[in-house]
$ cat protein-v7.csv   # CSV, N, CA and C atoms
chain,number,residue,atom,x,y,z
A,1,MET,N,47.4,144.1,-73.0
A,1,MET,CA,46.7,143.0,-72.4
A,1,MET,C,45.6,142.6,-73.4
A,2,GLY,N,45.1,141.4,-73.3
A,2,GLY,CA,44.1,140.9,-74.2
A,2,GLY,C,44.6,140.4,-75.5
A,3,ALA,N,45.9,140.1,-75.6
A,3,ALA,CA,46.4,139.6,-76.8
A,3,ALA,C,45.8,138.4,-77.4
A,4,ILE,N,45.2,137.6,-76.5
A,4,ILE,CA,44.6,136.3,-77.0
A,4,ILE,C,43.1,136.5,-77.4
A,5,LEU,N,42.6,137.7,-77.1
A,5,LEU,CA,41.1,137.9,-77.4
A,5,LEU,C,40.8,137.6,-78.9
A,6,PRO,N,41.6,138.0,-79.9
A,6,PRO,CA,41.2,137.8,-81.3
A,6,PRO,C,41.0,136.3,-81.6
A,7,PHE,N,41.6,135.4,-80.8
A,7,PHE,CA,41.6,134.0,-81.1
A,7,PHE,C,40.5,133.3,-80.3
A,8,LEU,N,39.8,133.9,-79.4
A,8,LEU,CA,38.7,133.3,-78.7
A,8,LEU,C,37.5,133.2,-79.6
A,9,ARG,N,36.9,132.1,-79.6
A,9,ARG,CA,35.6,131.9,-80.3
A,9,ARG,C,34.5,132.3,-79.4
A,10,ASN,N,33.3,132.5,-80.0
A,10,ASN,CA,32.1,132.9,-79.2
A,10,ASN,C,31.8,131.9,-78.1
A,11,ASP,N,32.1,130.6,-78.3
A,11,ASP,CA,31.8,129.6,-77.3
A,11,ASP,C,32.8,129.6,-76.2
A,12,ALA,N,33.9,130.3,-76.3
A,12,ALA,CA,34.9,130.3,-75.3
A,12,ALA,C,34.8,131.5,-74.3
A,13,VAL,N,34.1,131.3,-73.2
A,13,VAL,CA,33.9,132.3,-72.3
A,13,VAL,C,34.8,132.1,-71.0
A,14,PHE,N,35.6,133.1,-70.7
A,14,PHE,CA,36.5,133.0,-69.6
A,14,PHE,C,36.3,134.2,-68.7
A,15,GLU,N,36.6,134.1,-67.4
A,15,GLU,CA,36.7,135.2,-66.5
A,15,GLU,C,37.8,136.2,-67.0
A,16,PRO,N,37.7,137.4,-66.6
A,16,PRO,CA,38.7,138.4,-67.0
A,16,PRO,C,40.1,138.0,-66.5
A,17,GLU,N,40.2,137.4,-65.3
A,17,GLU,CA,41.5,136.9,-64.8
A,17,GLU,C,42.1,135.8,-65.6
A,18,ALA,N,41.3,134.9,-66.1
A,18,ALA,CA,41.7,133.8,-67.0
A,18,ALA,C,42.2,134.4,-68.3
A,19,THR,N,41.4,135.3,-68.8
A,19,THR,CA,41.8,135.9,-70.1
A,19,THR,C,43.1,136.6,-70.0
A,20,ALA,N,43.3,137.3,-68.9
A,20,ALA,CA,44.6,138.0,-68.7
A,20,ALA,C,45.8,137.0,-68.6
A,21,ALA,N,45.5,135.9,-67.9
A,21,ALA,CA,46.6,134.9,-67.7
A,21,ALA,C,46.9,134.3,-69.1
A,22,MET,N,45.9,134.0,-69.9
A,22,MET,CA,46.1,133.4,-71.2
A,22,MET,C,46.9,134.4,-72.1
A,23,SER,N,46.6,135.7,-72.0
A,23,SER,CA,47.3,136.7,-72.8
A,23,SER,C,48.7,136.8,-72.4
A,24,VAL,N,49.0,136.7,-71.1
A,24,VAL,CA,50.4,136.8,-70.7
A,24,VAL,C,51.2,135.5,-71.2
A,25,ALA,N,50.5,134.4,-71.1
A,25,ALA,CA,51.1,133.1,-71.6
A,25,ALA,C,51.4,133.2,-73.1
A,26,PHE,N,50.4,133.7,-73.8
A,26,PHE,CA,50.5,133.8,-75.2
A,26,PHE,C,51.7,134.7,-75.6
A,27,GLU,N,51.7,135.9,-75.0
A,27,GLU,CA,52.8,136.8,-75.4
A,27,GLU,C,54.2,136.2,-75.0
A,28,GLU,N,54.3,135.5,-73.9
A,28,GLU,CA,55.6,134.9,-73.5
A,28,GLU,C,56.0,133.8,-74.5
A,29,ALA,N,55.0,132.9,-74.8
A,29,ALA,CA,55.3,131.8,-75.7
A,29,ALA,C,55.7,132.3,-77.1
A,30,CYS,N,55.0,133.3,-77.6
A,30,CYS,CA,55.4,133.9,-78.9
A,30,CYS,C,56.8,134.6,-78.8
A,31,ARG,N,57.1,135.2,-77.7
A,31,ARG,CA,58.4,135.8,-77.6
A,31,ARG,C,59.5,134.8,-77.6
A,32,VAL,N,59.3,133.7,-76.8
A,32,VAL,CA,60.3,132.7,-76.7
A,32,VAL,C,60.5,132.0,-78.1
A,33,LEU,N,59.4,131.8,-78.7
A,33,LEU,CA,59.4,131.1,-80.0
A,33,LEU,C,59.8,132.0,-81.2
A,34,LYS,N,60.0,133.3,-80.8
A,34,LYS,CA,60.4,134.4,-81.8
A,34,LYS,C,59.4,134.5,-82.9
A,35,LEU,N,58.1,134.5,-82.6
A,35,LEU,CA,57.0,134.6,-83.6
A,35,LEU,C,56.6,136.0,-83.7
A,36,SER,N,56.9,136.6,-84.9
A,36,SER,CA,56.5,138.0,-85.2
A,36,SER,C,55.0,138.0,-85.4
A,37,HIS,N,54.5,139.3,-85.4
A,37,HIS,CA,53.1,139.4,-85.7
A,37,HIS,C,52.7,139.0,-87.1
A,38,ASP,N,53.7,138.8,-88.0
A,38,ASP,CA,53.4,138.4,-89.3
A,38,ASP,C,53.2,136.8,-89.4
A,39,ALA,N,53.6,136.1,-88.3
A,39,ALA,CA,53.5,134.7,-88.3
A,39,ALA,C,52.1,134.3,-87.8
A,40,ALA,N,51.1,134.7,-88.5
A,40,ALA,CA,49.7,134.5,-88.1
A,40,ALA,C,49.4,133.1,-87.8
A,41,ARG,N,49.7,132.2,-88.7
A,41,ARG,CA,49.4,130.7,-88.5
A,41,ARG,C,50.0,130.2,-87.3
A,42,GLU,N,51.3,130.5,-87.1
A,42,GLU,CA,52.0,129.9,-85.9
A,42,GLU,C,51.4,130.5,-84.6
A,43,ARG,N,51.1,131.8,-84.6
A,43,ARG,CA,50.6,132.5,-83.4
A,43,ARG,C,49.2,131.9,-83.1
A,44,GLU,N,48.4,131.7,-84.2
A,44,GLU,CA,47.1,131.1,-83.9
A,44,GLU,C,47.2,129.7,-83.3
A,45,ALA,N,48.2,128.9,-83.7
A,45,ALA,CA,48.4,127.6,-83.2
A,45,ALA,C,48.7,127.7,-81.7
A,46,VAL,N,49.6,128.6,-81.3
A,46,VAL,CA,49.9,128.9,-79.9
A,46,VAL,C,48.7,129.3,-79.1
A,47,ALA,N,47.9,130.2,-79.7
A,47,ALA,CA,46.7,130.6,-79.0
A,47,ALA,C,45.7,129.5,-78.8
A,48,ILE,N,45.5,128.7,-79.8
A,48,ILE,CA,44.6,127.6,-79.7
A,48,ILE,C,45.0,126.6,-78.6
A,49,ARG,N,46.3,126.3,-78.5
A,49,ARG,CA,46.8,125.4,-77.5
A,49,ARG,C,46.6,126.0,-76.1
A,50,ILE,N,46.9,127.3,-75.9
A,50,ILE,CA,46.7,127.9,-74.6
A,50,ILE,C,45.2,127.9,-74.2
A,51,ILE,N,44.3,128.2,-75.2
A,51,ILE,CA,42.9,128.2,-74.9
A,51,ILE,C,42.4,126.8,-74.5
A,52,GLU,N,42.9,125.8,-75.2
A,52,GLU,CA,42.6,124.4,-74.9
A,52,GLU,C,43.0,124.0,-73.5
A,53,LEU,N,44.2,124.4,-73.1
A,53,LEU,CA,44.7,124.1,-71.7
A,53,LEU,C,43.9,124.9,-70.7
A,54,ALA,N,43.5,126.1,-71.0
A,54,ALA,CA,42.7,126.9,-70.1
A,54,ALA,C,41.3,126.3,-69.9
A,55,ARG,N,40.7,125.8,-71.0
A,55,ARG,CA,39.4,125.1,-70.9
A,55,ARG,C,39.5,123.9,-70.0
A,56,ARG,N,40.7,123.3,-69.9
A,56,ARG,CA,40.9,122.1,-69.0
A,56,ARG,C,41.2,122.5,-67.6
A,57,GLY,N,41.2,123.9,-67.3
A,57,GLY,CA,41.4,124.3,-66.0
A,57,GLY,C,42.7,125.0,-65.6
A,58,GLU,N,43.7,125.0,-66.5
A,58,GLU,CA,44.9,125.6,-66.1
A,58,GLU,C,44.8,127.2,-66.2
A,59,ARG,N,45.2,127.9,-65.2
A,59,ARG,CA,45.0,129.3,-65.2
A,59,ARG,C,46.3,130.0,-64.9
A,60,ASP,N,47.4,129.3,-64.6
A,60,ASP,CA,48.7,129.9,-64.3
A,60,ASP,C,49.4,130.3,-65.6
A,61,PRO,N,49.7,131.5,-65.8
A,61,PRO,CA,50.4,131.9,-67.1
A,61,PRO,C,51.7,131.2,-67.3
A,62,ILE,N,52.4,131.0,-66.3
A,62,ILE,CA,53.7,130.4,-66.4
A,62,ILE,C,53.5,128.9,-66.9
A,63,GLN,N,52.6,128.2,-66.2
A,63,GLN,CA,52.3,126.8,-66.6
A,63,GLN,C,51.8,126.8,-68.0
A,64,LEU,N,50.9,127.7,-68.4
A,64,LEU,CA,50.4,127.7,-69.8
A,64,LEU,C,51.5,127.9,-70.8
A,65,SER,N,52.3,128.9,-70.6
A,65,SER,CA,53.4,129.1,-71.6
A,65,SER,C,54.4,128.0,-71.6
A,66,GLU,N,54.7,127.4,-70.4
A,66,GLU,CA,55.7,126.3,-70.4
A,66,GLU,C,55.1,125.1,-71.1
A,67,ARG,N,53.9,124.8,-70.9
A,67,ARG,CA,53.3,123.6,-71.6
A,67,ARG,C,53.3,123.8,-73.1
A,68,VAL,N,53.0,125.0,-73.6
A,68,VAL,CA,53.0,125.3,-75.0
A,68,VAL,C,54.4,125.2,-75.6
A,69,LEU,N,55.4,125.7,-74.8
A,69,LEU,CA,56.8,125.6,-75.3
A,69,LEU,C,57.3,124.2,-75.3
A,70,ARG,N,56.9,123.5,-74.3
A,70,ARG,CA,57.3,122.0,-74.2
A,70,ARG,C,56.7,121.3,-75.4
A,71,ASP,N,55.4,121.5,-75.7
A,71,ASP,CA,54.8,120.9,-76.8
A,71,ASP,C,55.4,121.3,-78.2
A,72,ALA,N,55.9,122.5,-78.2
A,72,ALA,CA,56.5,123.0,-79.5
A,72,ALA,C,58.0,122.6,-79.6
A,73,GLY,N,58.5,122.0,-78.5
A,73,GLY,CA,59.9,121.7,-78.5
A,73,GLY,C,60.8,122.9,-78.2
A,74,GLY,N,60.2,124.0,-77.7
A,74,GLY,CA,61.0,125.2,-77.5
A,74,GLY,C,61.3,125.5,-76.1
A,75,GLY,N,61.0,124.6,-75.2
A,75,GLY,CA,61.3,124.9,-73.8
A,75,GLY,C,61.4,123.7,-72.9
$ encode --input "protein-v7.csv" --output "structure tokens"
Amino acid sequence: MGAILPFLRNDAVFEPEATAAMSVAFEEACRVLKLSHDAAREREAVAIRIIELARRGERDPIQLSERVLRDAGGG
């Protein structure tokens, strides 16, 4: 858990539940997109999009990952 933590900036403060939801969404989106840990740039893009959606109020991990996948054309 906490897979998204390295991508959060100091100005992005979320409740633990939100951080957990974002991490689940991040891992799922990366799995579906087949992004290895070596695909740093692509993984960062996924994380940034999830964080952006969470800032707008989305907290459901399924919705977060589906939105990212839809934006990426992968879902």
$ residues_near_point --input "protein-v7.csv" --point "(49.8, 124.4, -73.5)" --cutoff "6 Å" --atoms "only C-alpha atoms" --output "list in words"
Arg49, Ile50, Leu53, Leu64, Arg67 and Val68 of chain A
$ write_last_selection --input "protein-v7.csv" --atoms "N, CA and C atoms" --output "mmCIF file, in the coordinates of the input"
data_model
loop_
_atom_site.group_PDB
_atom_site.id
_atom_site.type_symbol
_atom_site.label_atom_id
_atom_site.label_comp_id
_atom_site.auth_asym_id
_atom_site.auth_seq_id
_atom_site.Cartn_x
_atom_site.Cartn_y
_atom_site.Cartn_z
ATOM 1 N N ARG A 49 46.300 126.300 -78.500
ATOM 2 C CA ARG A 49 46.800 125.400 -77.500
ATOM 3 C C ARG A 49 46.600 126.000 -76.100
ATOM 4 N N ILE A 50 46.900 127.300 -75.900
ATOM 5 C CA ILE A 50 46.700 127.900 -74.600
ATOM 6 C C ILE A 50 45.200 127.900 -74.200
ATOM 7 N N LEU A 53 44.200 124.400 -73.100
ATOM 8 C CA LEU A 53 44.700 124.100 -71.700
ATOM 9 C C LEU A 53 43.900 124.900 -70.700
ATOM 10 N N LEU A 64 50.900 127.700 -68.400
ATOM 11 C CA LEU A 64 50.400 127.700 -69.800
ATOM 12 C C LEU A 64 51.500 127.900 -70.800
ATOM 13 N N ARG A 67 53.900 124.800 -70.900
ATOM 14 C CA ARG A 67 53.300 123.600 -71.600
ATOM 15 C C ARG A 67 53.300 123.800 -73.100
ATOM 16 N N VAL A 68 53.000 125.000 -73.600
ATOM 17 C CA VAL A 68 53.000 125.300 -75.000
ATOM 18 C C VAL A 68 54.400 125.200 -75.600
#
$ residues_around --input "protein-v7.csv" --residues "Ala18 of chain A" --least-positions-apart "6" --cutoff "10 Å" --atoms "only C-alpha atoms" --output "ChimeraX atom specification"
/A:24,51,54-55,57-61
$ closest_atom_pairs --input "protein-v7.csv" --of "segment 20-53 of chain A" --to "segment 3-10 of chain A" --cutoff "6.5 Å" --atoms "all atoms listed in the file" --output "tab-separated table"
residue	atom	partner	partner_atom	distance
A:Met22	C	A:Ile4	N	5.7
A:Ser23	CA	A:Ile4	N	4.3
A:Val24	N	A:Ala3	N	6.4
A:Ala47	CA	A:Ile4	CA	6.4
$ residues_around --input "protein-v7.csv" --residues "segment 28-32 of chain A" --least-positions-apart "3" --cutoff "7 Å" --atoms "only N, CA and C atoms" --output "ChimeraX atom specification"
/A:23-25,35-36,43,65-66,68-69,74
$ atom_distance --input "protein-v7.csv" --atom1 "atom CA of Glu44 of chain A" --atom2 "atom CA of Phe26 of chain A"
9.7 Å
$ atom_distance --input "protein-v7.csv" --atom1 "atom N of Val13 of chain A" --atom2 "atom CA of Lys34 of chain A"
27.8 Å
$ atom_distance --input "protein-v7.csv" --atom1 "atom CA of Ile48 of chain A" --atom2 "atom CA of Ala21 of chain A"
14.2 Å
$ select_by_dssp --input "protein-v7.csv" --residues "segment 19-62 of chain A" --states "alpha helix (DSSP H)" --output "MDAnalysis selection string"
chainID A and resid 19:32 40:55 61:62
$ decode --input "protein-v7.csv" --residues "chain A" --atoms "C-alpha atoms" --output "mmCIF file, in the first residue's frame"
data_model
loop_
_atom_site.group_PDB
_atom_site.id
_atom_site.type_symbol
_atom_site.label_atom_id
_atom_site.label_comp_id
_atom_site.auth_asym_id
_atom_site.auth_seq_id
_atom_site.Cartn_x
_atom_site.Cartn_y
_atom_site.Cartn_z
ATOM 1 C CA MET A 1 0.000 0.000 0.000
ATOM 2 C CA GLY A 2 1.096 3.570 -0.463
ATOM 3 C CA ALA A 3 2.281 3.032 -4.029
ATOM 4 C CA ILE A 4 1.263 6.557 -4.957
ATOM 5 C CA LEU A 5 3.117 8.232 -2.083
ATOM 6 C CA PRO A 6 6.346 8.917 -4.024
ATOM 7 C CA PHE A 7 4.314 10.952 -6.530
ATOM 8 C CA LEU A 8 2.541 13.177 -4.009
ATOM 9 C CA ARG A 9 3.973 16.642 -3.706
ATOM 10 C CA ASN A 10 4.202 18.502 -0.411
ATOM 11 C CA ASP A 11 1.118 20.531 -1.316
ATOM 12 C CA ALA A 12 -1.022 17.414 -1.852
ATOM 13 C CA VAL A 13 -2.416 16.404 1.517
ATOM 14 C CA PHE A 14 -4.975 13.619 1.607
ATOM 15 C CA GLU A 15 -6.607 11.565 4.330
ATOM 16 C CA PRO A 16 -5.163 8.056 4.743
ATOM 17 C CA GLU A 17 -8.300 6.527 3.203
ATOM 18 C CA ALA A 18 -7.938 8.707 0.105
ATOM 19 C CA THR A 19 -4.254 7.842 -0.199
ATOM 20 C CA ALA A 20 -5.109 4.146 0.055
ATOM 21 C CA ALA A 21 -7.795 4.482 -2.643
ATOM 22 C CA MET A 22 -5.379 6.334 -4.930
ATOM 23 C CA SER A 23 -2.736 3.646 -4.408
ATOM 24 C CA VAL A 24 -5.184 0.876 -5.298
ATOM 25 C CA ALA A 25 -6.260 2.791 -8.412
ATOM 26 C CA PHE A 26 -2.635 3.452 -9.368
ATOM 27 C CA GLU A 27 -1.621 -0.197 -9.064
ATOM 28 C CA GLU A 28 -4.674 -1.356 -11.017
ATOM 29 C CA ALA A 29 -4.175 1.161 -13.820
ATOM 30 C CA CYS A 30 -0.476 0.290 -14.106
ATOM 31 C CA ARG A 31 -1.341 -3.431 -14.158
ATOM 32 C CA VAL A 32 -3.938 -3.029 -16.913
ATOM 33 C CA LEU A 33 -1.624 -0.778 -18.924
ATOM 34 C CA LYS A 34 1.204 -3.295 -18.349
ATOM 35 C CA LEU A 35 3.533 -0.605 -16.987
ATOM 36 C CA SER A 36 6.578 -2.139 -15.375
ATOM 37 C CA HIS A 37 8.411 -0.412 -12.550
ATOM 38 C CA ASP A 38 10.980 0.630 -15.167
ATOM 39 C CA ALA A 39 8.358 2.716 -17.015
ATOM 40 C CA ALA A 40 8.922 5.647 -14.676
ATOM 41 C CA ARG A 41 7.624 8.393 -16.963
ATOM 42 C CA GLU A 42 4.421 6.530 -17.802
ATOM 43 C CA ARG A 43 3.805 5.544 -14.185
ATOM 44 C CA GLU A 44 4.287 9.146 -13.139
ATOM 45 C CA ALA A 45 1.714 10.280 -15.721
ATOM 46 C CA VAL A 46 -0.796 7.771 -14.321
ATOM 47 C CA ALA A 47 -0.111 8.932 -10.761
ATOM 48 C CA ILE A 48 -0.463 12.606 -11.662
ATOM 49 C CA ARG A 49 -3.831 11.968 -13.304
ATOM 50 C CA ILE A 50 -5.096 9.982 -10.301
ATOM 51 C CA ILE A 51 -3.960 12.720 -7.925
ATOM 52 C CA GLU A 52 -5.669 15.341 -10.084
ATOM 53 C CA LEU A 53 -8.935 13.391 -10.017
ATOM 54 C CA ALA A 54 -8.652 12.908 -6.248
ATOM 55 C CA ARG A 55 -8.116 16.641 -5.751
ATOM 56 C CA ARG A 56 -11.414 17.132 -7.561
ATOM 57 C CA GLY A 57 -13.102 14.868 -5.041
ATOM 58 C CA GLU A 58 -13.099 11.371 -6.540
ATOM 59 C CA ARG A 59 -12.232 8.799 -3.872
ATOM 60 C CA ASP A 60 -13.472 5.529 -5.337
ATOM 61 C CA PRO A 61 -10.490 3.440 -6.508
ATOM 62 C CA ILE A 62 -12.520 1.775 -9.263
ATOM 63 C CA GLN A 63 -13.681 5.109 -10.638
ATOM 64 C CA LEU A 64 -10.170 6.548 -10.398
ATOM 65 C CA SER A 65 -8.565 3.683 -12.309
ATOM 66 C CA GLU A 66 -11.369 3.524 -14.886
ATOM 67 C CA ARG A 67 -11.066 7.240 -15.592
ATOM 68 C CA VAL A 68 -7.301 6.970 -16.070
ATOM 69 C CA LEU A 69 -7.693 3.931 -18.318
ATOM 70 C CA ARG A 70 -10.388 5.638 -20.369
ATOM 71 C CA ASP A 71 -8.169 8.725 -20.755
ATOM 72 C CA ALA A 72 -5.283 6.485 -21.811
ATOM 73 C CA GLY A 73 -7.452 4.580 -24.277
ATOM 74 C CA GLY A 74 -6.873 1.378 -22.344
ATOM 75 C CA GLY A 75 -10.272 0.772 -20.871
#
